[in-house]
>>> print(open('final_13.cif').read())   # mmCIF, N, CA and C atoms
data_data
#
loop_
_atom_site.label_atom_id
_atom_site.label_comp_id
_atom_site.auth_asym_id
_atom_site.auth_seq_id
_atom_site.Cartn_x
_atom_site.Cartn_y
_atom_site.Cartn_z
N MET A 1 14.04 4.41 -14.97
CA MET A 1 13.86 3.33 -14.02
C MET A 1 15.07 3.19 -13.12
N ALA A 2 14.82 2.83 -11.90
CA ALA A 2 15.92 2.59 -10.97
C ALA A 2 16.68 1.34 -11.40
N ALA A 3 17.96 1.31 -11.11
CA ALA A 3 18.80 0.21 -11.57
C ALA A 3 18.62 -1.06 -10.74
N THR A 4 18.33 -0.93 -9.46
CA THR A 4 18.25 -2.11 -8.61
C THR A 4 16.90 -2.18 -7.91
N LEU A 5 16.62 -3.36 -7.40
CA LEU A 5 15.38 -3.59 -6.67
C LEU A 5 15.75 -3.91 -5.23
N VAL A 6 15.56 -2.96 -4.34
CA VAL A 6 15.87 -3.13 -2.92
C VAL A 6 14.71 -2.60 -2.09
N ARG A 7 14.49 -3.21 -0.94
CA ARG A 7 13.45 -2.77 -0.01
C ARG A 7 14.00 -1.60 0.81
N PRO A 8 13.37 -0.43 0.72
CA PRO A 8 13.87 0.74 1.46
C PRO A 8 13.59 0.64 2.95
N ARG A 9 14.37 1.35 3.72
CA ARG A 9 14.14 1.41 5.17
C ARG A 9 13.09 2.46 5.51
N ARG A 10 12.94 3.49 4.69
CA ARG A 10 11.98 4.56 4.93
C ARG A 10 10.88 4.52 3.88
N GLY A 11 9.70 4.93 4.27
CA GLY A 11 8.58 5.00 3.35
C GLY A 11 7.86 3.69 3.14
N LYS A 12 8.13 2.74 4.00
CA LYS A 12 7.47 1.45 3.88
C LYS A 12 6.37 1.35 4.92
N ILE A 13 5.42 0.45 4.68
CA ILE A 13 4.36 0.25 5.65
C ILE A 13 4.57 -1.06 6.39
N PHE A 14 4.82 -2.14 5.68
CA PHE A 14 4.99 -3.43 6.34
C PHE A 14 6.41 -3.94 6.13
N ALA A 15 6.70 -4.45 4.96
CA ALA A 15 8.03 -5.01 4.70
C ALA A 15 8.80 -4.24 3.63
N GLY A 16 8.15 -3.33 2.93
CA GLY A 16 8.83 -2.54 1.92
C GLY A 16 8.78 -3.12 0.52
N VAL A 17 8.02 -4.19 0.31
CA VAL A 17 7.94 -4.81 -1.01
C VAL A 17 7.26 -3.87 -2.00
N CYS A 18 6.13 -3.31 -1.63
CA CYS A 18 5.42 -2.40 -2.53
C CYS A 18 6.24 -1.15 -2.81
N ALA A 19 6.92 -0.64 -1.80
CA ALA A 19 7.77 0.54 -1.99
C ALA A 19 8.92 0.23 -2.94
N ALA A 20 9.50 -0.95 -2.82
CA ALA A 20 10.60 -1.34 -3.70
C ALA A 20 10.13 -1.45 -5.15
N LEU A 21 8.99 -2.09 -5.37
CA LEU A 21 8.46 -2.23 -6.73
C LEU A 21 8.07 -0.88 -7.32
N ALA A 22 7.46 -0.03 -6.51
CA ALA A 22 7.06 1.29 -6.99
C ALA A 22 8.27 2.14 -7.36
N ASP A 23 9.30 2.09 -6.54
CA ASP A 23 10.53 2.84 -6.84
C ASP A 23 11.20 2.31 -8.10
N ARG A 24 11.20 1.01 -8.26
CA ARG A 24 11.87 0.38 -9.41
C ARG A 24 11.20 0.75 -10.72
N PHE A 25 9.85 0.73 -10.73
CA PHE A 25 9.10 0.98 -11.96
C PHE A 25 8.55 2.39 -12.05
N GLU A 26 8.93 3.24 -11.10
CA GLU A 26 8.56 4.66 -11.08
C GLU A 26 7.06 4.88 -11.21
N VAL A 27 6.31 4.21 -10.36
CA VAL A 27 4.87 4.41 -10.25
C VAL A 27 4.57 4.77 -8.80
N PRO A 28 3.43 5.39 -8.54
CA PRO A 28 3.09 5.72 -7.15
C PRO A 28 2.95 4.47 -6.28
N ARG A 29 3.41 4.57 -5.07
CA ARG A 29 3.36 3.43 -4.15
C ARG A 29 1.93 2.99 -3.88
N SER A 30 1.00 3.93 -3.88
CA SER A 30 -0.40 3.58 -3.62
C SER A 30 -0.96 2.67 -4.71
N PHE A 31 -0.53 2.83 -5.97
CA PHE A 31 -0.99 1.96 -7.05
C PHE A 31 -0.53 0.53 -6.81
N VAL A 32 0.71 0.37 -6.42
CA VAL A 32 1.25 -0.96 -6.17
C VAL A 32 0.54 -1.59 -4.98
N ARG A 33 0.31 -0.81 -3.94
CA ARG A 33 -0.38 -1.33 -2.76
C ARG A 33 -1.81 -1.74 -3.10
N LEU A 34 -2.50 -0.94 -3.90
CA LEU A 34 -3.85 -1.30 -4.32
C LEU A 34 -3.85 -2.57 -5.17
N GLY A 35 -2.83 -2.72 -6.00
CA GLY A 35 -2.71 -3.93 -6.81
C GLY A 35 -2.56 -5.17 -5.95
N PHE A 36 -1.73 -5.10 -4.93
CA PHE A 36 -1.56 -6.24 -4.03
C PHE A 36 -2.85 -6.51 -3.25
N MET A 37 -3.57 -5.47 -2.87
CA MET A 37 -4.84 -5.68 -2.18
C MET A 37 -5.85 -6.35 -3.09
N PHE A 38 -5.90 -5.92 -4.35
CA PHE A 38 -6.82 -6.51 -5.33
C PHE A 38 -6.50 -7.99 -5.55
N PHE A 39 -5.23 -8.30 -5.78
CA PHE A 39 -4.85 -9.70 -6.00
C PHE A 39 -4.94 -10.52 -4.72
N GLY A 40 -4.91 -9.86 -3.57
CA GLY A 40 -5.11 -10.55 -2.31
C GLY A 40 -6.52 -11.10 -2.17
N LEU A 41 -7.47 -10.46 -2.84
CA LEU A 41 -8.85 -10.97 -2.80
C LEU A 41 -8.96 -12.34 -3.46
N PHE A 42 -8.06 -12.63 -4.39
CA PHE A 42 -8.08 -13.90 -5.10
C PHE A 42 -7.13 -14.92 -4.49
N GLY A 43 -6.45 -14.56 -3.41
CA GLY A 43 -5.56 -15.48 -2.73
C GLY A 43 -4.16 -15.57 -3.32
N VAL A 44 -3.86 -14.74 -4.29
CA VAL A 44 -2.55 -14.78 -4.95
C VAL A 44 -1.61 -13.74 -4.36
N GLY A 45 -2.13 -12.60 -4.00
CA GLY A 45 -1.31 -11.48 -3.55
C GLY A 45 -0.47 -11.78 -2.33
N GLU A 46 -1.02 -12.54 -1.39
CA GLU A 46 -0.28 -12.84 -0.17
C GLU A 46 0.95 -13.69 -0.45
N PHE A 47 0.80 -14.69 -1.30
CA PHE A 47 1.92 -15.58 -1.62
C PHE A 47 3.01 -14.84 -2.39
N VAL A 48 2.61 -14.02 -3.34
CA VAL A 48 3.58 -13.25 -4.11
C VAL A 48 4.30 -12.26 -3.21
N TYR A 49 3.56 -11.61 -2.30
CA TYR A 49 4.16 -10.64 -1.40
C TYR A 49 5.21 -11.29 -0.51
N VAL A 50 4.88 -12.44 0.07
CA VAL A 50 5.83 -13.13 0.95
C VAL A 50 7.05 -13.59 0.15
N ALA A 51 6.84 -14.09 -1.06
CA ALA A 51 7.96 -14.53 -1.89
C ALA A 51 8.88 -13.35 -2.22
N LEU A 52 8.30 -12.22 -2.58
CA LEU A 52 9.11 -11.04 -2.89
C LEU A 52 9.80 -10.50 -1.64
N TRP A 53 9.16 -10.63 -0.49
CA TRP A 53 9.76 -10.20 0.77
C TRP A 53 11.03 -11.00 1.04
N ILE A 54 11.02 -12.26 0.70
CA ILE A 54 12.19 -13.11 0.88
C ILE A 54 13.25 -12.83 -0.17
N LEU A 55 12.83 -12.59 -1.42
CA LEU A 55 13.77 -12.46 -2.54
C LEU A 55 14.41 -11.08 -2.68
N ILE A 56 13.68 -10.02 -2.37
CA ILE A 56 14.22 -8.67 -2.56
C ILE A 56 15.10 -8.30 -1.37
N PRO A 57 16.36 -7.95 -1.62
CA PRO A 57 17.25 -7.61 -0.50
C PRO A 57 16.87 -6.27 0.13
N ARG A 58 17.23 -6.12 1.40
CA ARG A 58 16.96 -4.90 2.14
C ARG A 58 18.05 -3.87 1.84
N ASP A 59 17.66 -2.62 1.75
CA ASP A 59 18.61 -1.53 1.52
C ASP A 59 19.38 -1.28 2.82
N ASP A 60 20.69 -1.40 2.77
CA ASP A 60 21.51 -1.22 3.97
C ASP A 60 22.10 0.14 4.06
#
>>> encode(input="final_13.cif", output="structure tokens")
Amino acid sequence: MAATLVRPRRGKIFAGVCAALADRFEVPRSFVRLGFMFFGLFGVGEFVYVALWILIPRDD
């Protein structure tokens, strides 16, 4: 597992939250993105995504 949780500048689609989580837990980025899409159907994914976007620092 990666030691830190940071939003990458490359390989992201929107804000890099899914890419950061996928890199941290060593899973494919598409799985994380599908998970957020699934939870977005229930109205939870959007709030969690925005919260993580604020909390996870950007890779400089």
>>> residues_around(input="final_13.cif", residues="range 36-41 of chain A", least_positions_apart="3", cutoff="12 Å", atoms="only C-alpha atoms", output="MDAnalysis selection string")
chainID A and resid 17:19 21:22 29:33 44:50 52
>>> write_last_selection(input="final_13.cif", atoms="N, CA and C atoms", output="JSON list (two decimals), in the frame of the given file")
[["chain", "number", "residue", "atom", "x", "y", "z"],
["A", 17, "VAL", "N", 8.02, -4.19, 0.31],
["A", 17, "VAL", "CA", 7.94, -4.81, -1.01],
["A", 17, "VAL", "C", 7.26, -3.87, -2.00],
["A", 18, "CYS", "N", 6.13, -3.31, -1.63],
["A", 18, "CYS", "CA", 5.42, -2.40, -2.53],
["A", 18, "CYS", "C", 6.24, -1.15, -2.81],
["A", 19, "ALA", "N", 6.92, -0.64, -1.80],
["A", 19, "ALA", "CA", 7.77, 0.54, -1.99],
["A", 19, "ALA", "C", 8.92, 0.23, -2.94],
["A", 21, "LEU", "N", 8.99, -2.09, -5.37],
["A", 21, "LEU", "CA", 8.46, -2.23, -6.73],
["A", 21, "LEU", "C", 8.07, -0.88, -7.32],
["A", 22, "ALA", "N", 7.46, -0.03, -6.51],
["A", 22, "ALA", "CA", 7.06, 1.29, -6.99],
["A", 22, "ALA", "C", 8.27, 2.14, -7.36],
["A", 29, "ARG", "N", 3.41, 4.57, -5.07],
["A", 29, "ARG", "CA", 3.36, 3.43, -4.15],
["A", 29, "ARG", "C", 1.93, 2.99, -3.88],
["A", 30, "SER", "N", 1.00, 3.93, -3.88],
["A", 30, "SER", "CA", -0.40, 3.58, -3.62],
["A", 30, "SER", "C", -0.96, 2.67, -4.71],
["A", 31, "PHE", "N", -0.53, 2.83, -5.97],
["A", 31, "PHE", "CA", -0.99, 1.96, -7.05],
["A", 31, "PHE", "C", -0.53, 0.53, -6.81],
["A", 32, "VAL", "N", 0.71, 0.37, -6.42],
["A", 32, "VAL", "CA", 1.25, -0.96, -6.17],
["A", 32, "VAL", "C", 0.54, -1.59, -4.98],
["A", 33, "ARG", "N", 0.31, -0.81, -3.94],
["A", 33, "ARG", "CA", -0.38, -1.33, -2.76],
["A", 33, "ARG", "C", -1.81, -1.74, -3.10],
["A", 44, "VAL", "N", -3.86, -14.74, -4.29],
["A", 44, "VAL", "CA", -2.55, -14.78, -4.95],
["A", 44, "VAL", "C", -1.61, -13.74, -4.36],
["A", 45, "GLY", "N", -2.13, -12.60, -4.00],
["A", 45, "GLY", "CA", -1.31, -11.48, -3.55],
["A", 45, "GLY", "C", -0.47, -11.78, -2.33],
["A", 46, "GLU", "N", -1.02, -12.54, -1.39],
["A", 46, "GLU", "CA", -0.28, -12.84, -0.17],
["A", 46, "GLU", "C", 0.95, -13.69, -0.45],
["A", 47, "PHE", "N", 0.80, -14.69, -1.30],
["A", 47, "PHE", "CA", 1.92, -15.58, -1.62],
["A", 47, "PHE", "C", 3.01, -14.84, -2.39],
["A", 48, "VAL", "N", 2.61, -14.02, -3.34],
["A", 48, "VAL", "CA", 3.58, -13.25, -4.11],
["A", 48, "VAL", "C", 4.30, -12.26, -3.21],
["A", 49, "TYR", "N", 3.56, -11.61, -2.30],
["A", 49, "TYR", "CA", 4.16, -10.64, -1.40],
["A", 49, "TYR", "C", 5.21, -11.29, -0.51],
["A", 50, "VAL", "N", 4.88, -12.44, 0.07],
["A", 50, "VAL", "CA", 5.83, -13.13, 0.95],
["A", 50, "VAL", "C", 7.05, -13.59, 0.15],
["A", 52, "LEU", "N", 8.30, -12.22, -2.58],
["A", 52, "LEU", "CA", 9.11, -11.04, -2.89],
["A", 52, "LEU", "C", 9.80, -10.50, -1.64]]
>>> atom_distance(input="final_13.cif", atom1="CA of Phe25 in chain A", atom2="CA of Val6 in chain A")
12.0 Å
>>> atom_distance(input="final_13.cif", atom1="atom N of Asp59 in chain A", atom2="atom N of Leu34 in chain A")
21.0 Å
>>> select_by_dssp(input="final_13.cif", residues="chain A", states="alpha helix (DSSP H)", output="ChimeraX atom specification")
/A:17-25,29-40,45-55
>>> atom_distance(input="final_13.cif", atom1="atom C of Leu5 in chain A", atom2="CA of Gly35 in chain A")
18.5 Å
>>> resolve_selection(input="final_13.cif", expression="the PyMOL selection byres ((chain A and resi 58) around 6.5)", output="short mmCIF file (atom, residue, chain, number, x, y, z; two decimals) with N, CA and C atoms, in the frame of the given file")
data_model
loop_
_atom_site.label_atom_id
_atom_site.label_comp_id
_atom_site.auth_asym_id
_atom_site.auth_seq_id
_atom_site.Cartn_x
_atom_site.Cartn_y
_atom_site.Cartn_z
N VAL A 6 15.56 -2.96 -4.34
CA VAL A 6 15.87 -3.13 -2.92
C VAL A 6 14.71 -2.60 -2.09
N ARG A 7 14.49 -3.21 -0.94
CA ARG A 7 13.45 -2.77 -0.01
C ARG A 7 14.00 -1.60 0.81
N PRO A 8 13.37 -0.43 0.72
CA PRO A 8 13.87 0.74 1.46
C PRO A 8 13.59 0.64 2.95
N ILE A 56 13.68 -10.02 -2.37
CA ILE A 56 14.22 -8.67 -2.56
C ILE A 56 15.10 -8.30 -1.37
N PRO A 57 16.36 -7.95 -1.62
CA PRO A 57 17.25 -7.61 -0.50
C PRO A 57 16.87 -6.27 0.13
N ASP A 59 17.66 -2.62 1.75
CA ASP A 59 18.61 -1.53 1.52
C ASP A 59 19.38 -1.28 2.82
N ASP A 60 20.69 -1.40 2.77
CA ASP A 60 21.51 -1.22 3.97
C ASP A 60 22.10 0.14 4.06
#
